[in-house]
Amino acid sequence: APAAVGAPHKRPSLTAGKSETVEPRERADITELRDAVRDDAFAPRWLEDGELLRFVRARKTFEQRVELFREAMAWRTKWAASHEPAATVYAASARDAPQLGSFGVLERAWCEKTTGGAAAGPPAWWAFLSSHLPFELYGRDRHGLPVTYLGLGRMDLAGVAREVGIERLEQKIVMQNDMFLDLARERRLDAAAADDADAA
């Protein structure tokens, strides 16, 4: 039902994914998970509430959440270490960039046809997948959060996997997902900074 005339607009939470709020039990689960996986995180970014909430909501038990988190960090570490220039960009983002260890940094750089000043552009497999996967970033919604389009029904996943390999397809999808999450994270941090300034 539409809000009553004059009713205040409820601003959506920028840290929640599935719903507008993070439940008290979820907050406790986030803290419990962080304590258990602190030494497993590739970079500090993955220990933030918004990141850990995805693992809390993805699995029912504590043990399953820990296992999923460790699998995800192991995959990121392995992929970053074995793929240039991903290793360089990913390691640099873990140290210096706001994304703190995100493959979205590399996706953005290649979307802009640059790798941080390097002469080389994106590799052929990335260019092929970019032209054959209907994934577009259309801008931002009224809250400043990114809006994307992913045309799953139009995707020929078997065809693109045959052309470039399933590993490259997986990498590209993770890079796109990370870029989306980076943009949402930036907005959340900007909103939190604005709220802090308003409160001061």
# chains A, B, ... in the order shown; residues from 1 in each chain; ligands from 1

call {"tool": "residues_around", "arguments": {"residues": "His132 (chain A)", "least_positions_apart": "6", "cutoff": "9 Å", "atoms": "only C-alpha atoms", "output": "NGL selection string"}}
result
:A and (155-156 or 160)

call {"tool": "atom_distance", "arguments": {"atom1": "CA of Arg188 (chain A)", "atom2": "CA of Lys172 (chain A)"}}
result
24.3 Å

call {"tool": "closest_residue", "arguments": {"among": "A:Phe69, A:Phe180, A:Trp125, A:Tyr138", "to": "Trp46 (chain A)", "atoms": "only C-alpha atoms"}}
result
A:Phe69

call {"tool": "residues_around", "arguments": {"residues": "Thr31 (chain A)", "least_positions_apart": "5", "cutoff": "9 Å", "atoms": "only C-alpha atoms", "output": "list in words"}}
result
Glu26, Ala36, Asp49 and Leu52 of chain A
